[in-house]
$ cat structure_25.txt   # compact mmCIF, C-alpha atoms
# COMPACT_ATOMS: atom_id res chain seq x y z
CA ILE A 1 13.71 3.92 -25.67
CA VAL A 2 12.90 0.40 -24.51
CA TYR A 3 9.16 0.29 -23.96
CA GLY A 4 7.64 -2.03 -21.37
CA GLY A 5 10.79 -4.03 -20.74
CA LEU A 6 14.32 -4.13 -19.43
CA ARG A 7 17.44 -3.38 -21.39
CA PHE A 8 19.45 -6.54 -21.98
CA PHE A 9 22.23 -5.57 -19.57
CA GLU A 10 19.72 -4.60 -16.86
CA ARG A 11 18.40 -8.14 -16.52
CA ALA A 12 19.23 -9.89 -13.23
CA GLU A 13 20.93 -12.88 -14.84
CA ILE A 14 23.14 -10.60 -16.94
CA LYS A 15 24.08 -8.54 -13.86
CA ASP A 16 24.99 -11.79 -12.09
CA ALA A 17 27.15 -12.79 -15.04
CA LYS A 18 28.83 -9.38 -15.15
CA GLY A 19 29.49 -9.68 -11.42
CA TYR A 20 31.45 -12.89 -11.91
CA VAL A 21 33.36 -11.51 -14.89
CA ARG A 22 34.19 -8.32 -12.98
CA LEU A 23 35.39 -10.10 -9.84
CA THR A 24 37.40 -12.61 -11.82
CA GLU A 25 39.02 -9.75 -13.69
CA ASN A 26 39.55 -7.62 -10.58
CA THR A 27 39.23 -9.14 -7.10
CA SER A 28 39.16 -5.64 -5.58
CA ASP A 29 35.69 -5.03 -7.06
CA ASN A 30 33.61 -4.92 -3.87
CA ILE A 31 30.30 -4.30 -5.66
CA ALA A 32 30.75 -7.45 -7.74
CA PHE A 33 31.81 -9.40 -4.65
CA GLU A 34 28.67 -8.40 -2.75
CA ARG A 35 26.42 -9.47 -5.63
CA ILE A 36 27.81 -12.94 -6.26
CA VAL A 37 29.38 -14.11 -2.98
CA ASN A 38 26.31 -16.22 -2.24
CA PHE A 39 24.76 -16.59 -5.66
CA PRO A 40 23.99 -19.25 -6.64
CA THR A 41 23.42 -20.10 -2.98
CA ARG A 42 26.52 -21.68 -1.49
CA GLY A 43 25.96 -21.38 2.26
CA ILE A 44 27.58 -18.00 2.88
CA GLY A 45 25.13 -16.25 5.17
CA LEU A 46 24.69 -12.64 6.22
CA THR A 47 26.66 -13.19 9.45
CA THR A 48 29.71 -14.28 7.46
CA VAL A 49 29.35 -11.36 5.05
CA GLU A 50 29.13 -8.91 7.97
CA LYS A 51 32.39 -10.29 9.38
CA ILE A 52 34.04 -9.90 5.97
CA ARG A 53 32.86 -6.27 5.76
CA ALA A 54 34.00 -5.47 9.30
CA TYR A 55 37.50 -6.86 8.74
CA ALA A 56 37.81 -5.04 5.41
CA LYS A 57 36.79 -1.75 7.00
CA GLU A 58 39.14 -2.10 9.98
CA ASN A 59 42.11 -3.14 7.85
CA HIS A 60 41.48 -0.91 4.82
CA THR A 61 41.35 -3.77 2.35
CA ASP A 62 38.87 -5.13 -0.18
CA LEU A 63 36.25 -7.77 0.56
CA PHE A 64 38.00 -10.57 -1.32
CA GLN A 65 41.26 -10.12 0.57
CA SER A 66 39.27 -9.80 3.76
CA SER A 67 37.65 -13.17 3.03
CA ILE A 68 41.05 -14.80 2.64
CA ALA A 69 42.20 -13.25 5.92
CA ILE A 70 39.29 -14.43 8.07
CA VAL A 71 38.32 -17.71 6.42
CA ASN A 72 40.20 -19.89 8.92
CA SER A 73 38.70 -18.08 11.92
CA LEU A 74 35.10 -18.87 10.98
CA PRO A 75 33.04 -21.82 12.19
CA THR A 76 33.72 -24.97 10.15
CA ARG A 77 30.61 -24.83 7.98
CA ALA A 78 30.96 -21.14 7.15
CA SER A 79 34.71 -21.54 6.66
CA ASN A 80 34.27 -24.37 4.15
CA SER A 81 31.66 -22.42 2.17
CA LEU A 82 33.81 -19.30 2.00
CA ARG A 83 36.92 -21.31 1.14
CA ASN A 84 35.09 -22.94 -1.77
CA PHE A 85 34.12 -19.50 -3.10
CA ILE A 86 37.68 -18.19 -2.79
CA ASP A 87 39.03 -21.28 -4.55
CA LEU A 88 36.41 -20.90 -7.30
CA ILE A 89 37.41 -17.32 -8.10
CA GLU A 90 41.14 -18.08 -7.99
CA SER A 91 40.67 -21.18 -10.14
CA MET A 92 38.73 -19.20 -12.77
CA ARG A 93 41.37 -16.47 -12.76
CA ASP A 94 43.98 -19.09 -13.62
CA SER A 95 41.79 -20.81 -16.21
CA ILE A 96 40.94 -17.71 -18.27
CA LYS A 97 44.54 -16.71 -18.89
CA ASN A 98 45.30 -16.60 -22.62
CA LEU A 99 41.64 -17.16 -23.55
CA SER A 100 39.68 -14.93 -25.92
CA LEU A 101 36.95 -12.73 -24.44
CA GLY A 102 34.17 -15.03 -25.61
CA GLU A 103 35.95 -18.08 -24.19
CA LYS A 104 36.51 -16.27 -20.89
CA VAL A 105 32.87 -15.34 -20.47
CA LYS A 106 31.67 -18.84 -21.39
CA LEU A 107 34.07 -20.52 -18.97
CA ILE A 108 33.10 -18.17 -16.13
CA LEU A 109 29.37 -18.74 -16.67
CA VAL A 110 29.84 -22.51 -16.66
CA GLU A 111 32.33 -22.77 -13.79
CA SER A 112 30.44 -20.33 -11.59
CA GLY A 113 27.33 -22.47 -11.82
CA LEU A 114 25.18 -19.74 -13.35
CA MET A 115 24.41 -21.75 -16.48
CA THR A 116 23.34 -24.77 -14.45
CA HIS A 117 21.38 -22.61 -12.01
CA TYR A 118 19.26 -20.97 -14.70
CA ALA A 119 18.92 -24.19 -16.71
CA ASN A 120 17.44 -25.88 -13.61
CA ASP A 121 15.32 -22.88 -12.62
CA LYS A 122 11.71 -24.00 -12.30
CA THR A 123 10.19 -20.64 -13.21
CA SER A 124 8.43 -20.08 -16.53
CA LYS A 125 11.31 -17.93 -17.77
CA LYS A 126 14.05 -20.47 -17.22
CA VAL A 127 14.71 -20.91 -20.95
CA SER A 128 14.94 -17.22 -21.73
CA LYS A 129 17.31 -16.53 -18.84
CA LYS A 130 19.67 -19.29 -19.90
CA GLU A 131 19.42 -18.08 -23.48
CA ASN A 132 20.23 -14.55 -22.31
CA LEU A 133 23.45 -15.85 -20.76
CA GLU A 134 24.27 -17.61 -24.02
CA GLU A 135 23.56 -14.37 -25.87
CA LEU A 136 26.03 -12.59 -23.57
CA VAL A 137 28.67 -15.11 -24.68
CA SER A 138 27.77 -14.32 -28.30
CA ALA A 139 28.11 -10.58 -27.61
CA ALA A 140 31.54 -11.17 -26.08
CA LYS A 141 32.64 -13.22 -29.10
CA GLN A 142 31.56 -10.48 -31.49
CA TYR A 143 33.04 -7.60 -29.47
CA LYS A 144 35.89 -5.85 -31.24
CA HIS A 145 38.40 -4.20 -28.95
CA ASP A 146 40.22 -1.07 -30.06
CA ILE A 147 43.91 -2.00 -30.09
CA ASP A 148 44.74 1.65 -29.42
CA ASP A 149 42.80 1.59 -26.12
CA TYR A 150 45.57 1.78 -23.54
CA GLU A 151 43.32 2.64 -20.59
CA MET A 152 41.52 -0.70 -20.31
CA ASN A 153 42.04 -4.25 -21.50
CA GLU A 154 39.47 -6.05 -23.64
CA THR A 155 37.48 -7.52 -20.75
CA GLN A 156 37.38 -4.27 -18.77
CA ARG A 157 36.20 -2.26 -21.78
CA PHE A 158 33.50 -4.82 -22.64
CA ILE A 159 32.12 -4.69 -19.09
CA THR A 160 32.34 -0.88 -19.04
CA LEU A 161 30.32 -0.60 -22.24
CA ALA A 162 27.76 -3.05 -20.86
CA THR A 163 27.45 -0.99 -17.68
CA LEU A 164 27.01 2.24 -19.65
CA ASP A 165 24.32 0.58 -21.75
CA SER A 166 22.30 -0.24 -18.62
CA SER A 167 22.73 3.13 -16.92
CA GLY A 168 20.48 5.19 -19.21
CA ASP A 169 17.57 7.21 -17.85
CA SER A 170 14.50 5.04 -18.32
CA ASN A 171 12.24 8.02 -17.63
CA GLN A 172 13.53 10.23 -20.42
CA SER A 173 11.13 11.67 -22.96
CA ASN A 174 10.18 9.55 -25.95
CA HIS A 175 10.31 12.60 -28.23
CA GLY A 176 12.72 12.14 -31.10
CA CYS A 177 13.62 8.59 -30.03
CA VAL A 178 13.15 5.19 -31.57
CA GLN A 179 10.86 3.15 -29.33
CA LEU A 180 11.70 -0.55 -29.07
CA MET A 181 8.98 -2.89 -27.84
CA THR A 182 7.52 -6.35 -28.17
CA VAL A 183 4.41 -6.90 -30.27
CA HIS A 184 2.49 -7.65 -27.06
CA SER A 185 3.51 -4.26 -25.61
CA ALA A 186 2.43 -2.49 -28.81
CA LYS A 187 -1.22 -3.56 -28.54
CA GLY A 188 -3.49 -0.52 -28.57
CA LEU A 189 -0.72 1.84 -29.74
CA GLU A 190 -0.12 3.45 -33.12
CA PHE A 191 2.93 5.06 -34.69
CA PRO A 192 3.55 6.92 -37.96
CA VAL A 193 6.44 4.61 -38.86
CA VAL A 194 6.82 0.97 -37.77
CA PHE A 195 9.63 -1.51 -38.37
CA LEU A 196 8.68 -5.13 -37.72
CA VAL A 197 11.96 -7.03 -37.48
CA GLY A 198 13.11 -10.62 -37.18
CA LEU A 199 10.61 -12.02 -39.65
CA GLU A 200 12.39 -15.32 -40.11
CA GLU A 201 10.96 -18.82 -40.04
CA ASN A 202 11.38 -20.42 -36.60
CA LEU A 203 11.75 -16.96 -35.09
CA PHE A 204 8.45 -15.33 -36.07
CA PRO A 205 6.61 -17.66 -36.17
CA SER A 206 8.70 -19.45 -33.58
CA GLY A 207 9.57 -23.10 -33.91
CA ARG A 208 7.82 -23.75 -30.61
CA SER A 209 4.55 -22.21 -31.81
CA LYS A 210 4.50 -24.61 -34.76
CA ASP A 211 5.29 -27.62 -32.59
CA GLU A 212 2.65 -26.74 -30.00
CA GLY A 213 -0.14 -25.78 -32.40
CA LEU A 214 0.02 -22.06 -31.64
CA LEU A 215 0.59 -20.86 -35.19
CA ASP A 216 -2.76 -19.03 -35.37
CA GLU A 217 -1.89 -17.04 -32.24
CA GLU A 218 1.46 -16.06 -33.76
CA ARG A 219 -0.36 -15.00 -36.94
CA ARG A 220 -2.66 -12.76 -34.88
CA LEU A 221 0.40 -11.17 -33.25
CA PHE A 222 1.87 -10.57 -36.69
CA TYR A 223 -1.34 -8.80 -37.67
CA VAL A 224 -1.22 -6.70 -34.51
CA GLY A 225 2.35 -5.64 -35.30
CA MET A 226 1.51 -4.68 -38.87
CA THR A 227 -1.56 -2.65 -37.94
CA ARG A 228 0.37 -0.43 -35.52
CA ALA A 229 1.65 1.53 -38.54
CA MET A 230 -0.23 4.68 -39.52
CA GLN A 231 1.83 5.74 -42.56
CA SER A 232 4.78 3.44 -43.22
CA LEU A 233 5.45 -0.22 -42.42
CA THR A 234 8.79 -1.94 -43.05
CA LEU A 235 9.06 -5.71 -42.65
CA THR A 236 12.59 -7.09 -42.34
CA TYR A 237 14.36 -10.41 -42.01
CA ALA A 238 18.04 -11.30 -41.74
CA SER A 239 19.86 -13.44 -44.28
CA HIS A 240 21.73 -15.03 -41.38
CA ARG A 241 21.73 -14.62 -37.64
CA TYR A 242 24.13 -15.32 -34.77
CA LEU A 243 22.51 -17.29 -31.95
CA ASN A 244 24.48 -18.68 -29.02
CA GLY A 245 27.71 -18.00 -30.88
CA ARG A 246 26.67 -19.93 -34.00
CA ARG A 247 25.67 -18.67 -37.43
CA PHE A 248 22.26 -19.75 -38.71
CA PHE A 249 20.62 -19.24 -42.10
CA TYR A 250 16.84 -19.00 -41.88
CA GLY A 251 14.38 -18.39 -44.68
CA HIS A 252 11.94 -15.50 -44.46
CA SER A 253 8.79 -15.93 -42.38
CA SER A 254 5.97 -17.90 -43.95
CA PHE A 255 3.69 -15.06 -42.83
CA LEU A 256 5.20 -12.87 -45.56
CA ASN A 257 3.90 -15.28 -48.16
CA GLU A 258 0.36 -14.64 -46.91
CA ILE A 259 0.47 -10.93 -47.79
CA PRO A 260 -0.82 -10.12 -51.31
CA SER A 261 2.22 -9.28 -53.44
CA ASN A 262 0.69 -6.06 -54.78
CA PHE A 263 0.96 -4.56 -51.27
CA LEU A 264 4.69 -5.23 -51.01
CA SER A 265 7.79 -3.58 -52.40
CA TYR A 266 10.86 -5.80 -52.03
CA ILE A 267 14.26 -4.28 -51.28
CA ARG A 268 17.05 -6.81 -51.09
CA ASN A 269 20.80 -6.59 -50.67
CA PRO A 270 22.34 -8.60 -53.54
CA GLU A 271 25.65 -8.83 -51.66
CA ILE A 272 24.20 -11.26 -49.10
CA TYR A 273 23.43 -13.83 -51.79
CA ARG A 274 26.94 -14.06 -53.18
CA GLY A 275 28.29 -17.55 -52.67
CA MET A 276 24.86 -18.85 -51.66
CA SER A 277 23.40 -19.36 -55.15
CA THR A 278 24.32 -18.97 -58.79
CA SER A 279 21.83 -16.22 -59.42
CA THR A 280 20.82 -13.02 -57.69
CA PRO A 281 17.13 -12.87 -56.74
CA GLU A 282 14.97 -10.37 -58.54
CA ILE A 283 14.60 -7.03 -56.81
CA LYS A 284 11.04 -5.92 -57.15
CA ASN A 285 10.34 -2.22 -56.79
CA SER A 286 6.67 -1.58 -57.45
CA ASN A 287 6.43 1.55 -55.35
CA PRO A 288 6.92 4.76 -57.36
CA LYS A 289 7.97 6.56 -54.16
CA LEU A 290 11.15 4.46 -53.97
CA SER A 291 13.33 6.83 -55.93
CA LYS A 292 16.42 8.87 -55.26
CA SER A 293 15.90 12.16 -53.51
CA ASN A 294 17.45 15.23 -55.12
CA SER A 295 18.74 16.33 -51.70
CA SER A 296 20.43 13.04 -50.77
CA PRO A 297 23.34 11.10 -52.25
CA TYR A 298 21.56 7.87 -51.31
CA SER A 299 18.55 6.12 -52.77
CA ILE A 300 16.27 3.45 -51.37
CA GLY A 301 17.54 0.00 -52.22
CA GLN A 302 21.14 1.21 -52.58
CA VAL A 303 23.83 -1.03 -51.05
CA VAL A 304 26.09 0.92 -48.69
CA LYS A 305 29.01 0.02 -46.43
CA HIS A 306 29.26 1.38 -42.88
CA ALA A 307 32.66 1.58 -41.19
CA LYS A 308 31.40 -0.31 -38.12
CA PHE A 309 28.30 -2.25 -39.17
CA GLY A 310 29.42 -3.37 -42.64
CA LEU A 311 27.19 -3.87 -45.69
CA GLY A 312 23.55 -2.82 -45.62
CA THR A 313 20.70 -1.60 -47.78
CA VAL A 314 19.05 1.82 -47.61
CA VAL A 315 15.38 1.40 -46.72

$ encode --input "structure_25.txt" --output "structure tokens"
Amino acid sequence: IVYGGLRFFERAEIKDAKGYVRLTENTSDNIAFERIVNFPTRGIGLTTVEKIRAYAKENHTDLFQSSIAIVNSLPTRASNSLRNFIDLIESMRDSIKNLSLGEKVKLILVESGLMTHYANDKTSKKVSKKENLEELVSAAKQYKHDIDDYEMNETQRFITLATLDSSGDSNQSNHGCVQLMTVHSAKGLEFPVVFLVGLEENLFPSGRSKDEGLLDEERRLFYVGMTRAMQSLTLTYASHRYLNGRRFFYGHSSFLNEIPSNFLSYIRNPEIYRGMSTSTPEIKNSNPKLSKSNSSPYSIGQVVKHAKFGLGTVV
């Protein structure tokens, strides 16, 4: 359950991006056409769109083919705007041939003008929206297509999975579900078990907070997150992280150094340090509860390998 926020694929900028990818992949996709035909604004007004719809309905064709059919019959200004859109889609369709999925998505976002539009957006969220588009490119680069999937190609399956992700019932019961929320949204709430994730330097605390003198505010948020736990609190950080298609290695958050060591039990995956140093860091286990259960083949701190997600550590 996503608490107090939108799923990633429900965000407007991601829907816009999916619209371009869908129409570039399949020009018969009328829903995608309707969403992006005049976004970013390119001078295609409602009157023009109504004419496109009317022709498509009368001639039993899709909206893109309808646009091609009527473009020369429109007034000069409207005709030029629609022609530019048609040329844009056809140009991108030619350009993405033989590209990988990540390269396709990146090219479409740049050529469509979405990247520039959100980079120049004057709202307070301009950075996050552009970063969300870059994260979509990262997701496309990391997507692994099943070679035995004969029903859809790589791009179609990626978009289908993204659509399914955003179609969940946001009103479903929270019972038995993991609730995902920001630290701000968690204020005033308590939970038996809390996982505070992403505790890496320049992420939490953020690099911006240090540059702008907001480190104390970030520290207060960290405290808020920790004190939401009633019984169990797990603090995690990644050894490396993919951002905007690049791999970064960040150290753990400096906030972790401010917690008295006798309150912490460290569980580390020794595999992640191979090739990074000549020695494996000490694994401290000061909690007597961290022992193997008689009813489980796994024990806390054990390194395991998942078929899909790879190496990990039981926590």

$ closest_residue --input "structure_25.txt" --among "A:Met152, A:Met230, A:Ile267, A:Val314" --to "A:Val194" --atoms "all atoms listed in the file"
A:Met230

$ residues_around --input "structure_25.txt" --residues "A:Ile70" --least-positions-apart "3" --cutoff "8 Å" --atoms "only C-alpha atoms" --output "CSV table (one decimal) with C-alpha atoms, in the frame of the given file"
chain,number,residue,atom,x,y,z
A,52,ILE,CA,34.0,-9.9,6.0
A,55,TYR,CA,37.5,-6.9,8.7
A,66,SER,CA,39.3,-9.8,3.8
A,67,SER,CA,37.6,-13.2,3.0
A,73,SER,CA,38.7,-18.1,11.9
A,74,LEU,CA,35.1,-18.9,11.0

$ closest_residue --input "structure_25.txt" --among "A:Glu34, A:Glu135, A:Glu25, A:Glu58" --to "A:Phe9" --atoms "only C-alpha atoms"
A:Glu135

$ atom_distance --input "structure_25.txt" --atom1 "atom CA of A:Thr182" --atom2 "atom CA of A:Phe204"
12.0 Å

$ atom_distance --input "structure_25.txt" --atom1 "atom CA of A:Lys187" --atom2 "atom CA of A:Tyr266"
26.5 Å

$ atom_distance --input "structure_25.txt" --atom1 "atom CA of A:Thr27" --atom2 "atom CA of A:Ile89"
8.4 Å

$ closest_residue --input "structure_25.txt" --among "A:Lys129, A:Val21, A:Met92, A:Val71" --to "A:Thr160" --atoms "only C-alpha atoms"
A:Val21

$ residues_around --input "structure_25.txt" --residues "A:Asp216" --least-positions-apart "4" --cutoff "12 Å" --atoms "only C-alpha atoms" --output "PDB file with C-alpha atoms, keeping the file's coordinate frame"
ATOM      1  CA  PHE A 204       8.450 -15.330 -36.070  1.00  0.00           C
ATOM      2  CA  PRO A 205       6.610 -17.660 -36.170  1.00  0.00           C
ATOM      3  CA  SER A 206       8.700 -19.450 -33.580  1.00  0.00           C
ATOM      4  CA  SER A 209       4.550 -22.210 -31.810  1.00  0.00           C
ATOM      5  CA  LYS A 210       4.500 -24.610 -34.760  1.00  0.00           C
ATOM      6  CA  GLU A 212       2.650 -26.740 -30.000  1.00  0.00           C
ATOM      7  CA  ARG A 220      -2.660 -12.760 -34.880  1.00  0.00           C
ATOM      8  CA  LEU A 221       0.400 -11.170 -33.250  1.00  0.00           C
ATOM      9  CA  PHE A 222       1.870 -10.570 -36.690  1.00  0.00           C
ATOM     10  CA  TYR A 223      -1.340  -8.800 -37.670  1.00  0.00           C
ATOM     11  CA  PHE A 255       3.690 -15.060 -42.830  1.00  0.00           C
TER      12      PHE A 255
END

$ residues_around --input "structure_25.txt" --residues "A:Ile259" --least-positions-apart "2" --cutoff "12 Å" --atoms "all atoms listed in the file" --output "number ranges by chain"
A: 219, 222-223, 226, 235, 253-257, 261-265

$ residues_around --input "structure_25.txt" --residues "A:His117" --least-positions-apart "6" --cutoff "12 Å" --atoms "all atoms listed in the file" --output "JSON, numbers by chain"
{"A": [13, 16, 17, 39, 40, 41, 42, 109, 110, 111, 123, 126, 127, 129, 130, 133]}

$ closest_residue --input "structure_25.txt" --among "A:Phe248, A:Gly113, A:Pro297, A:His184" --to "A:Glu217" --atoms "all atoms listed in the file"
A:His184

$ residues_around --input "structure_25.txt" --residues "A:Ala78" --least-positions-apart "6" --cutoff "8 Å" --atoms "all atoms listed in the file" --output "NGL selection string"
:A and (43-45 or 48)

$ residues_near_point --input "structure_25.txt" --point "(36.2, -15.8, 1.0)" --cutoff "7 Å" --atoms "all atoms listed in the file" --output "tab-separated table (two decimals) with C-alpha atoms, keeping the file's coordinate frame"
chain	number	residue	atom	x	y	z
A	64	PHE	CA	38.00	-10.57	-1.32
A	67	SER	CA	37.65	-13.17	3.03
A	68	ILE	CA	41.05	-14.80	2.64
A	71	VAL	CA	38.32	-17.71	6.42
A	82	LEU	CA	33.81	-19.30	2.00
A	83	ARG	CA	36.92	-21.31	1.14
A	85	PHE	CA	34.12	-19.50	-3.10
A	86	ILE	CA	37.68	-18.19	-2.79
